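Peer 1: Contents of final27.cif (mmCIF, C-alpha atoms (C1' of nucleotides)):
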data_query
loop_
_atom_site.label_atom_id
_atom_site.label_comp_id
_atom_site.auth_asym_id
_atom_site.auth_seq_id
_atom_site.Cartn_x
_atom_site.Cartn_y
_atom_site.Cartn_z
CA MET A 335 -15.56 108.50 -54.60
CA SER A 336 -12.87 111.09 -55.01
CA THR A 337 -9.85 110.53 -57.18
CA ASP A 338 -7.73 112.25 -54.63
CA THR A 339 -4.22 110.97 -54.85
CA LYS A 340 -2.46 113.45 -52.65
CA ARG A 341 -0.08 112.09 -50.10
CA ILE A 342 -0.04 108.57 -51.45
CA LYS A 343 2.81 107.10 -53.42
CA ILE A 344 1.78 105.44 -56.63
CA PRO A 345 4.47 103.42 -58.35
CA ARG A 346 5.09 104.65 -61.89
CA PRO A 347 6.94 102.91 -64.69
CA GLY A 348 10.14 104.68 -65.58
CA LYS A 349 10.50 106.19 -62.15
CA PRO A 350 12.33 104.81 -59.18
CA VAL A 351 9.96 102.94 -56.91
CA ARG A 352 10.26 100.82 -53.86
CA GLY A 353 12.20 97.94 -55.22
CA SER A 354 13.58 99.37 -58.42
CA ARG A 355 15.67 102.38 -59.10
CA THR A 356 15.35 101.77 -62.79
CA GLY A 357 11.57 101.62 -62.77
CA GLN A 358 11.35 98.47 -64.88
CA PRO A 359 7.66 97.89 -65.53
CA ILE A 360 7.66 94.47 -63.92
CA MET A 361 9.23 95.81 -60.75
CA VAL A 362 6.79 98.67 -60.64
CA LEU A 363 4.00 96.16 -60.96
CA PHE A 364 5.47 94.02 -58.21
CA ASP A 365 5.63 97.06 -56.01
CA LEU A 366 1.98 97.76 -56.67
CA LEU A 367 0.76 94.18 -56.34
CA GLY A 368 3.06 93.40 -53.47
CA ARG A 369 0.99 95.42 -51.07
CA ARG A 370 -1.46 93.94 -48.71
CA TRP A 371 -4.65 92.87 -50.42
CA ALA A 372 -3.84 94.33 -53.83
CA MET A 373 -4.10 91.02 -55.67
CA GLY A 374 -7.00 89.88 -53.52
CA ILE A 375 -8.96 92.96 -54.51
CA ILE A 376 -8.35 92.35 -58.20
CA TRP A 377 -9.28 88.71 -57.76
CA ASN A 378 -12.50 89.54 -55.96
CA LEU A 379 -13.46 92.29 -58.34
CA HIS A 380 -13.11 90.16 -61.44
CA ASN A 381 -16.41 90.13 -63.30
CA THR A 382 -18.26 91.19 -60.20
CA PRO A 383 -18.46 94.91 -59.59
CA CYS A 384 -19.56 95.81 -56.12
CA THR A 385 -19.81 98.53 -53.54
CA PHE A 386 -17.08 99.55 -51.18
CA ARG A 387 -18.72 97.78 -48.29
CA ALA A 388 -19.52 94.62 -50.20
CA LEU A 389 -15.93 94.47 -51.39
CA GLN A 390 -14.83 94.91 -47.83
CA GLU A 391 -16.77 91.83 -46.84
CA ARG A 392 -15.55 89.80 -49.77
CA CYS A 393 -12.05 90.65 -48.73
CA ASP A 394 -12.55 89.07 -45.38
CA SER A 395 -13.39 92.30 -43.58
CA ILE A 396 -10.32 94.17 -44.67
CA SER A 397 -10.05 97.44 -42.82
CA PRO A 398 -11.52 100.42 -44.66
CA THR A 399 -8.25 102.28 -44.32
CA VAL A 400 -6.33 99.73 -46.33
CA LEU A 401 -9.13 99.06 -48.77
CA ASN A 402 -9.36 102.72 -49.53
CA ALA A 403 -5.61 103.07 -49.91
CA ARG A 404 -5.48 100.11 -52.31
CA LEU A 405 -8.44 101.37 -54.31
CA LYS A 406 -6.82 104.76 -54.74
CA GLU A 407 -3.62 103.16 -55.93
CA LEU A 408 -5.36 100.77 -58.27
CA ARG A 409 -7.52 103.51 -59.70
CA ALA A 410 -4.52 105.77 -60.20
CA SER A 411 -2.90 102.85 -62.01
CA ASN A 412 -5.88 102.40 -64.25
CA LEU A 413 -6.72 98.93 -63.05
CA VAL A 414 -9.87 99.71 -61.13
CA THR A 415 -12.59 102.22 -61.79
CA THR A 416 -16.10 102.98 -60.67
CA CYS A 417 -19.27 102.03 -62.46
CA ASP A 418 -22.96 102.09 -61.65
CA LYS A 419 -22.55 99.02 -59.46
CA GLY A 420 -19.72 100.58 -57.49
CA TYR A 421 -16.16 99.49 -58.09
CA CYS A 422 -15.03 97.29 -60.95
CA LEU A 423 -11.98 96.35 -62.96
CA THR A 424 -11.04 98.38 -66.01
CA GLY A 425 -10.25 96.68 -69.30
CA GLU A 426 -6.62 96.68 -68.32
CA GLY A 427 -7.55 95.34 -64.93
CA GLU A 428 -9.39 92.43 -66.48
CA LYS A 429 -6.39 91.69 -68.66
CA LEU A 430 -4.21 91.68 -65.63
CA TYR A 431 -6.66 89.31 -64.03
CA THR A 432 -6.26 86.85 -66.86
CA CYS A 433 -2.52 86.91 -66.16
CA LEU A 434 -3.17 86.11 -62.53
CA GLU A 435 -5.81 83.50 -63.15
CA PRO A 436 -3.41 80.56 -63.69
CA LEU A 437 -2.18 81.12 -60.17
CA GLY A 438 -5.48 79.76 -58.90
CA ALA A 439 -4.92 76.32 -60.35
CA TRP A 440 -1.25 76.35 -59.48
CA ALA A 441 -2.01 77.24 -55.89
CA LYS A 442 -4.32 74.26 -55.53
CA GLY A 443 -1.63 71.85 -56.63
CA TRP A 444 0.94 73.55 -54.49
CA SER A 445 -1.26 73.42 -51.43
CA LYS A 446 -1.53 69.66 -51.73
CA ASP A 447 2.11 68.83 -51.43
CA LEU A 448 2.74 71.45 -48.83
CA MET B 361 21.72 78.54 -44.21
CA SER B 362 19.54 77.28 -41.44
CA THR B 363 16.01 76.16 -42.02
CA ASP B 364 14.99 77.81 -38.83
CA THR B 365 11.39 78.86 -39.06
CA LYS B 366 10.72 79.75 -35.49
CA ARG B 367 9.00 83.03 -34.83
CA ILE B 368 7.94 83.65 -38.40
CA LYS B 369 4.45 83.17 -39.70
CA ILE B 370 4.23 81.10 -42.85
CA PRO B 371 0.86 81.08 -44.56
CA ARG B 372 -0.50 77.57 -44.93
CA PRO B 373 -3.31 76.36 -47.16
CA GLY B 374 -6.28 75.24 -45.17
CA LYS B 375 -5.44 77.45 -42.29
CA PRO B 376 -6.57 80.96 -41.63
CA VAL B 377 -3.99 83.43 -42.88
CA ARG B 378 -3.76 87.13 -43.21
CA GLY B 379 -6.49 87.79 -45.67
CA SER B 380 -8.44 84.57 -45.55
CA ARG B 381 -10.14 82.77 -42.76
CA THR B 382 -10.93 79.91 -45.04
CA GLY B 383 -7.38 79.37 -46.17
CA GLN B 384 -8.23 79.08 -49.86
CA PRO B 385 -5.00 78.25 -51.66
CA ILE B 386 -5.12 81.34 -53.84
CA MET B 387 -5.55 83.59 -50.83
CA VAL B 388 -2.73 81.87 -49.02
CA LEU B 389 -0.57 82.41 -52.08
CA PHE B 390 -1.57 86.06 -52.25
CA ASP B 391 -0.64 86.43 -48.63
CA LEU B 392 2.77 84.95 -49.33
CA LEU B 393 3.43 86.83 -52.55
CA GLY B 394 1.88 90.03 -51.28
CA ARG B 395 4.83 90.69 -49.06
CA ARG B 396 7.52 93.11 -49.96
CA TRP B 397 9.94 91.69 -52.47
CA ALA B 398 8.51 88.18 -52.55
CA MET B 399 7.73 88.21 -56.26
CA GLY B 400 10.87 90.15 -57.06
CA ILE B 401 12.95 87.46 -55.42
CA ILE B 402 11.29 84.72 -57.43
CA TRP B 403 11.71 86.77 -60.58
CA ASN B 404 15.39 87.39 -59.94
CA LEU B 405 16.09 83.83 -58.93
CA HIS B 406 14.58 82.31 -62.06
CA ASN B 407 17.18 80.22 -63.82
CA THR B 408 19.95 82.01 -62.03
CA PRO B 409 20.92 80.65 -58.64
CA CYS B 410 23.04 82.99 -56.62
CA THR B 411 24.41 83.80 -53.23
CA PHE B 412 22.61 85.74 -50.56
CA ARG B 413 24.65 88.82 -51.20
CA ALA B 414 24.39 88.64 -54.95
CA LEU B 415 20.65 88.26 -54.64
CA GLN B 416 20.61 91.24 -52.37
CA GLU B 417 22.24 93.33 -55.07
CA ARG B 418 19.97 92.02 -57.78
CA CYS B 419 17.06 93.05 -55.65
CA ASP B 420 18.21 96.61 -55.62
CA SER B 421 20.00 96.39 -52.32
CA ILE B 422 17.08 95.03 -50.36
CA SER B 423 17.90 95.00 -46.67
CA PRO B 424 19.27 91.71 -45.39
CA THR B 425 16.58 91.59 -42.74
CA VAL B 426 13.78 91.46 -45.28
CA LEU B 427 15.65 89.27 -47.72
CA ASN B 428 16.26 86.76 -45.02
CA ALA B 429 12.65 86.84 -43.88
CA ARG B 430 11.41 86.30 -47.44
CA LEU B 431 13.88 83.50 -48.06
CA LYS B 432 12.77 81.71 -44.93
CA GLU B 433 9.14 81.99 -45.95
CA LEU B 434 9.79 80.92 -49.51
CA ARG B 435 11.89 78.00 -48.39
CA ALA B 436 9.29 76.91 -45.89
CA SER B 437 6.78 77.09 -48.73
CA ASN B 438 8.92 74.92 -50.95
CA LEU B 439 9.49 77.55 -53.60
CA VAL B 440 13.11 78.28 -52.91
CA THR B 441 15.93 76.05 -51.81
CA THR B 442 19.68 76.05 -51.63
CA CYS B 443 22.08 74.51 -54.10
CA ASP B 444 25.81 74.60 -54.69
CA LYS B 445 25.51 78.05 -56.20
CA GLY B 446 23.60 79.40 -53.23
CA TYR B 447 19.87 80.00 -53.45
CA CYS B 448 17.68 78.84 -56.30
CA LEU B 449 14.09 78.09 -57.18
CA THR B 450 12.70 74.62 -56.56
CA GLY B 451 10.78 72.81 -59.28
CA GLU B 452 7.59 74.22 -57.83
CA GLY B 453 9.18 77.63 -57.70
CA GLU B 454 10.04 77.47 -61.37
CA LYS B 455 6.48 76.44 -62.16
CA LEU B 456 5.23 79.39 -60.22
CA TYR B 457 7.61 81.56 -62.17
CA THR B 458 6.04 80.45 -65.42
CA CYS B 459 2.71 81.60 -64.04
CA LEU B 460 4.18 84.99 -63.25
CA GLU B 461 6.10 85.35 -66.47
CA PRO B 462 3.23 86.75 -68.55
CA LEU B 463 3.10 89.66 -66.17
CA GLY B 464 6.37 90.89 -67.64
CA ALA B 465 4.88 91.48 -71.06
CA TRP B 466 1.65 92.79 -69.65
CA ALA B 467 3.50 95.27 -67.48
CA LYS B 468 5.31 96.71 -70.48
CA GLY B 469 2.07 97.41 -72.29
CA TRP B 470 0.49 98.78 -69.18
CA SER B 471 3.38 101.11 -68.51
CA LYS B 472 2.98 102.69 -71.92
CA ASP B 473 -0.53 103.95 -71.49
CA LEU B 474 -0.02 104.95 -67.91
"C1'" DA C 372 -40.90 116.38 -44.13
"C1'" DC C 373 -38.83 113.07 -41.06
"C1'" DT C 374 -36.77 108.77 -40.05
"C1'" DT C 375 -34.06 105.08 -41.17
"C1'" DA C 376 -30.65 102.67 -43.56
"C1'" DA C 377 -26.91 102.11 -46.60
"C1'" DT C 378 -22.73 103.94 -48.63
"C1'" DG C 379 -18.14 105.90 -48.98
"C1'" DC C 380 -15.21 107.12 -46.62
"C1'" DT C 381 -11.84 109.77 -42.59
"C1'" DA C 382 -9.72 109.88 -37.87
"C1'" DT C 383 -7.28 107.86 -34.45
"C1'" DT C 384 -4.49 104.78 -31.96
"C1'" DA C 385 -1.94 100.61 -31.72
"C1'" DA C 386 0.55 96.81 -33.62
"C1'" DA C 387 3.30 94.79 -37.13
"C1'" DA C 388 6.43 94.98 -40.94
"C1'" DA C 389 10.11 97.11 -43.61
"C1'" DT C 390 14.34 99.97 -43.85
"C1'" DG C 391 19.04 101.17 -43.05
"C1'" DT C 392 23.22 100.51 -40.94
"C1'" DA C 393 26.63 98.07 -38.35
"C1'" DG C 394 28.90 94.20 -37.55
"C1'" DC C 395 29.80 89.22 -36.10
"C1'" DA C 396 30.89 84.23 -36.86
"C1'" DA C 397 32.14 80.87 -40.16
"C1'" DT C 398 34.35 79.49 -44.20
"C1'" DA C 399 37.28 80.12 -48.05
"C1'" DT C 400 41.51 82.15 -50.20
"C1'" DG C 401 46.08 84.00 -50.66
"C1'" DC D 143 48.27 83.51 -40.66
"C1'" DA D 144 45.91 87.71 -42.79
"C1'" DT D 145 42.28 89.00 -45.78
"C1'" DA D 146 38.02 88.58 -48.10
"C1'" DT D 147 33.55 86.76 -48.72
"C1'" DT D 148 29.37 84.88 -47.16
"C1'" DG D 149 25.21 84.34 -44.49
"C1'" DC D 150 23.29 86.27 -41.63
"C1'" DT D 151 21.67 88.91 -36.65
"C1'" DA D 152 20.95 93.28 -33.78
"C1'" DC D 153 19.07 97.44 -33.28
"C1'" DA D 154 16.87 101.83 -34.01
"C1'" DT D 155 13.83 104.30 -37.13
"C1'" DT D 156 10.28 104.88 -40.38
"C1'" DT D 157 6.25 102.98 -42.95
"C1'" DT D 158 2.38 100.12 -43.32
"C1'" DT D 159 -1.35 97.76 -41.74
"C1'" DA D 160 -4.95 96.81 -38.48
"C1'" DA D 161 -8.97 97.74 -35.66
"C1'" DT D 162 -12.52 100.46 -34.28
"C1'" DA D 163 -15.48 104.46 -34.21
"C1'" DG D 164 -18.08 107.43 -36.46
"C1'" DC D 165 -19.36 111.30 -39.78
"C1'" DA D 166 -21.38 113.24 -44.16
"C1'" DT D 167 -24.10 112.20 -48.09
"C1'" DT D 168 -27.58 110.03 -50.64
"C1'" DA D 169 -31.76 106.98 -51.23
"C1'" DA D 170 -35.74 105.07 -49.70
"C1'" DG D 171 -39.73 104.33 -46.54
"C1'" DT D 172 -43.80 106.22 -43.91
#
Do you think you could lay out the structure here as structure tokens?
Peer 2:
Amino acid sequence: MSTDTKRIKIPRPGKPVRGSRTGQPIMVLFDLLGRRWAMGIIWNLHNTPCTFRALQERCDSISPTVLNARLKELRASNLVTTCDKGYCLTGEGEKLYTCLEPLGAWAKGWSKDL
Amino acid sequence: MSTDTKRIKIPRPGKPVRGSRTGQPIMVLFDLLGRRWAMGIIWNLHNTPCTFRALQERCDSISPTVLNARLKELRASNLVTTCDKGYCLTGEGEKLYTCLEPLGAWAKGWSKDL
DNA sequence: ACTTAATGCTATTAAAAATGTAGCAATATG
DNA sequence: CATATTGCTACATTTTTAATAGCATTAAGT
């Protein structure tokens, strides 16, 4: 469980990122969340800390390479951390989750008329 | 402005998608939104229809290849459509936007303590 | 102490997606 | 007509993601 962030690009507010030269917070967030499995990881981690391997299974057998990359990014962004049970959301991460939560209900309605 | 959807993979609720064999609506949505620029496009299109090229500029000069791919997906998913001003969000798209909106405020707070 | 099993990864190769640039066809405008 | 704008497509390059194997470390079982 290293916090090694070398050679990975973490989007940072105020700095140019993929998708925003200005580094507007929302665009930085979209850059971070708009990566494969980022939101799924937050969703699956909500209120249920778990080990790397358990998380891997919950995320439909996501490859360890990507899971590890996402976890590094999310930890560097202070959304995910480690606890005695393994990985879990930080306080900020849980707050972010509550912002995402309404999407669950919306998605159900959307899926009906699709 | 064709509605040509051949050769692109649109995630569909109820069907296995990238990231969910079960096709849970939320996972389908995450698959769709977890693609580069998808959320940024919705954000930029909110209440402000515009042409392909104008949208391209708003999205920090996103490449036309990706913009077009995202637009096809979002149109096929009934979130984006065309109007006299060019592209715009559908009713569903605007509803989705209201789900995303809180992220703007959250992101500002998050960016401070990062 | 010696296995065995689980955990957290890294390495590697291949496939898919995104980027960047050029430019074309169609329509509108002067 | 000539020019400009629009909505894209083509193509080559770079990044990401995927898929699979497996290693090092720790914890438990016998």
Peer 1: Find the residues around segment 387-400 of chain C up to 10 Å (only C-alpha atoms (C1' of nucleotides) counted), leave out those fewer than 4 positions away in its own chain, and share them as a PDB file with C-alpha atoms (C1' of nucleotides), in the frame of the given file.
Peer 2:
ATOM      1  CA  ARG B 395       4.830  90.690 -49.060  1.00  0.00           C
ATOM      2  CA  ARG B 396       7.520  93.110 -49.960  1.00  0.00           C
ATOM      3  CA  ILE B 422      17.080  95.030 -50.360  1.00  0.00           C
ATOM      4  CA  SER B 423      17.900  95.000 -46.670  1.00  0.00           C
ATOM      5  CA  PRO B 424      19.270  91.710 -45.390  1.00  0.00           C
ATOM      6  CA  THR B 425      16.580  91.590 -42.740  1.00  0.00           C
ATOM      7  CA  VAL B 426      13.780  91.460 -45.280  1.00  0.00           C
TER       8      VAL B 426
ATOM      9  C1'  DT D 145      42.280  89.000 -45.780  1.00  0.00           C
ATOM     10  C1'  DA D 146      38.020  88.580 -48.100  1.00  0.00           C
ATOM     11  C1'  DT D 147      33.550  86.760 -48.720  1.00  0.00           C
ATOM     12  C1'  DT D 148      29.370  84.880 -47.160  1.00  0.00           C
ATOM     13  C1'  DG D 149      25.210  84.340 -44.490  1.00  0.00           C
ATOM     14  C1'  DC D 150      23.290  86.270 -41.630  1.00  0.00           C
ATOM     15  C1'  DT D 151      21.670  88.910 -36.650  1.00  0.00           C
ATOM     16  C1'  DA D 152      20.950  93.280 -33.780  1.00  0.00           C
ATOM     17  C1'  DC D 153      19.070  97.440 -33.280  1.00  0.00           C
ATOM     18  C1'  DA D 154      16.870 101.830 -34.010  1.00  0.00           C
ATOM     19  C1'  DT D 155      13.830 104.300 -37.130  1.00  0.00           C
ATOM     20  C1'  DT D 156      10.280 104.880 -40.380  1.00  0.00           C
ATOM     21  C1'  DT D 157       6.250 102.980 -42.950  1.00  0.00           C
ATOM     22  C1'  DT D 158       2.380 100.120 -43.320  1.00  0.00           C
ATOM     23  C1'  DT D 159      -1.350  97.760 -41.740  1.00  0.00           C
ATOM     24  C1'  DA D 160      -4.950  96.810 -38.480  1.00  0.00           C
TER      25       DA D 160
END
Peer 1: Name the residues that the PyMOL selection byres ((chain B) within 9 of (chain D)) picks from the file above, as JSON, numbers by chain, using the file's chain letters and numbers.
Peer 2: {"B": [361, 411, 412, 413, 424, 425, 428]}
Peer 1: Hey, what's within 9 Å of Asn381 of chain A if we count only C-alpha atoms (C1' of nucleotides) and toss same-chain stuff fewer than 4 positions away? As a list in words, please?
Peer 2: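 In the requested form, the answer reads Cys422, Leu423 and Glu428 of chain A.
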Peer 1: Could you tell me which of A:Ala388, A:Gly425, A:Asp418, A:Ser411 comes closest to chain B if we count all atoms listed in the file?
Peer 2: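 Checking each candidate against chain B, we get A:Ser411 as the closest.
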Peer 1: Find the residues in chain C near chain A: any atom within 12 Å counts, using all atoms listed in the file. Write them as number ranges by chain.
Peer 2: C: 377-383, 388-390
Peer 1: Per residue of chain A within 6 Å of chain B, which atom pair is closest and at what distance in Å (one decimal), using only C-alpha atoms, listed by chain and increasing number, as a tab-separated table?
Peer 2:
residue	atom	partner	partner_atom	distance
A:Pro347	CA	B:Ser471	CA	5.5
A:Pro359	CA	B:Ala467	CA	5.3
A:Ile360	CA	B:Gly464	CA	5.3
A:Gly368	CA	B:Gly394	CA	4.2
A:Arg369	CA	B:Gly394	CA	5.5
A:Arg370	CA	B:Gly394	CA	5.7
A:Gly438	CA	B:Ile386	CA	5.3
A:Ala441	CA	B:Pro385	CA	5.3
A:Lys442	CA	B:Pro385	CA	5.6
A:Ser445	CA	B:Pro373	CA	5.6
Peer 1: To one decimal place, how far is atom CA of Lys445 of chain B from atom CA of Leu415 of chain B in Å?
Peer 2: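 Between atom CA of Lys445 of chain B and atom CA of Leu415 of chain B the gap works out to 11.4 Å.
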Peer 1: Please compute the atom CA of Ile402 of chain B-atom CA of Glu433 of chain B distance, one decimal, in Å.
Peer 2: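 Distance between the two atoms: 12.0 Å.
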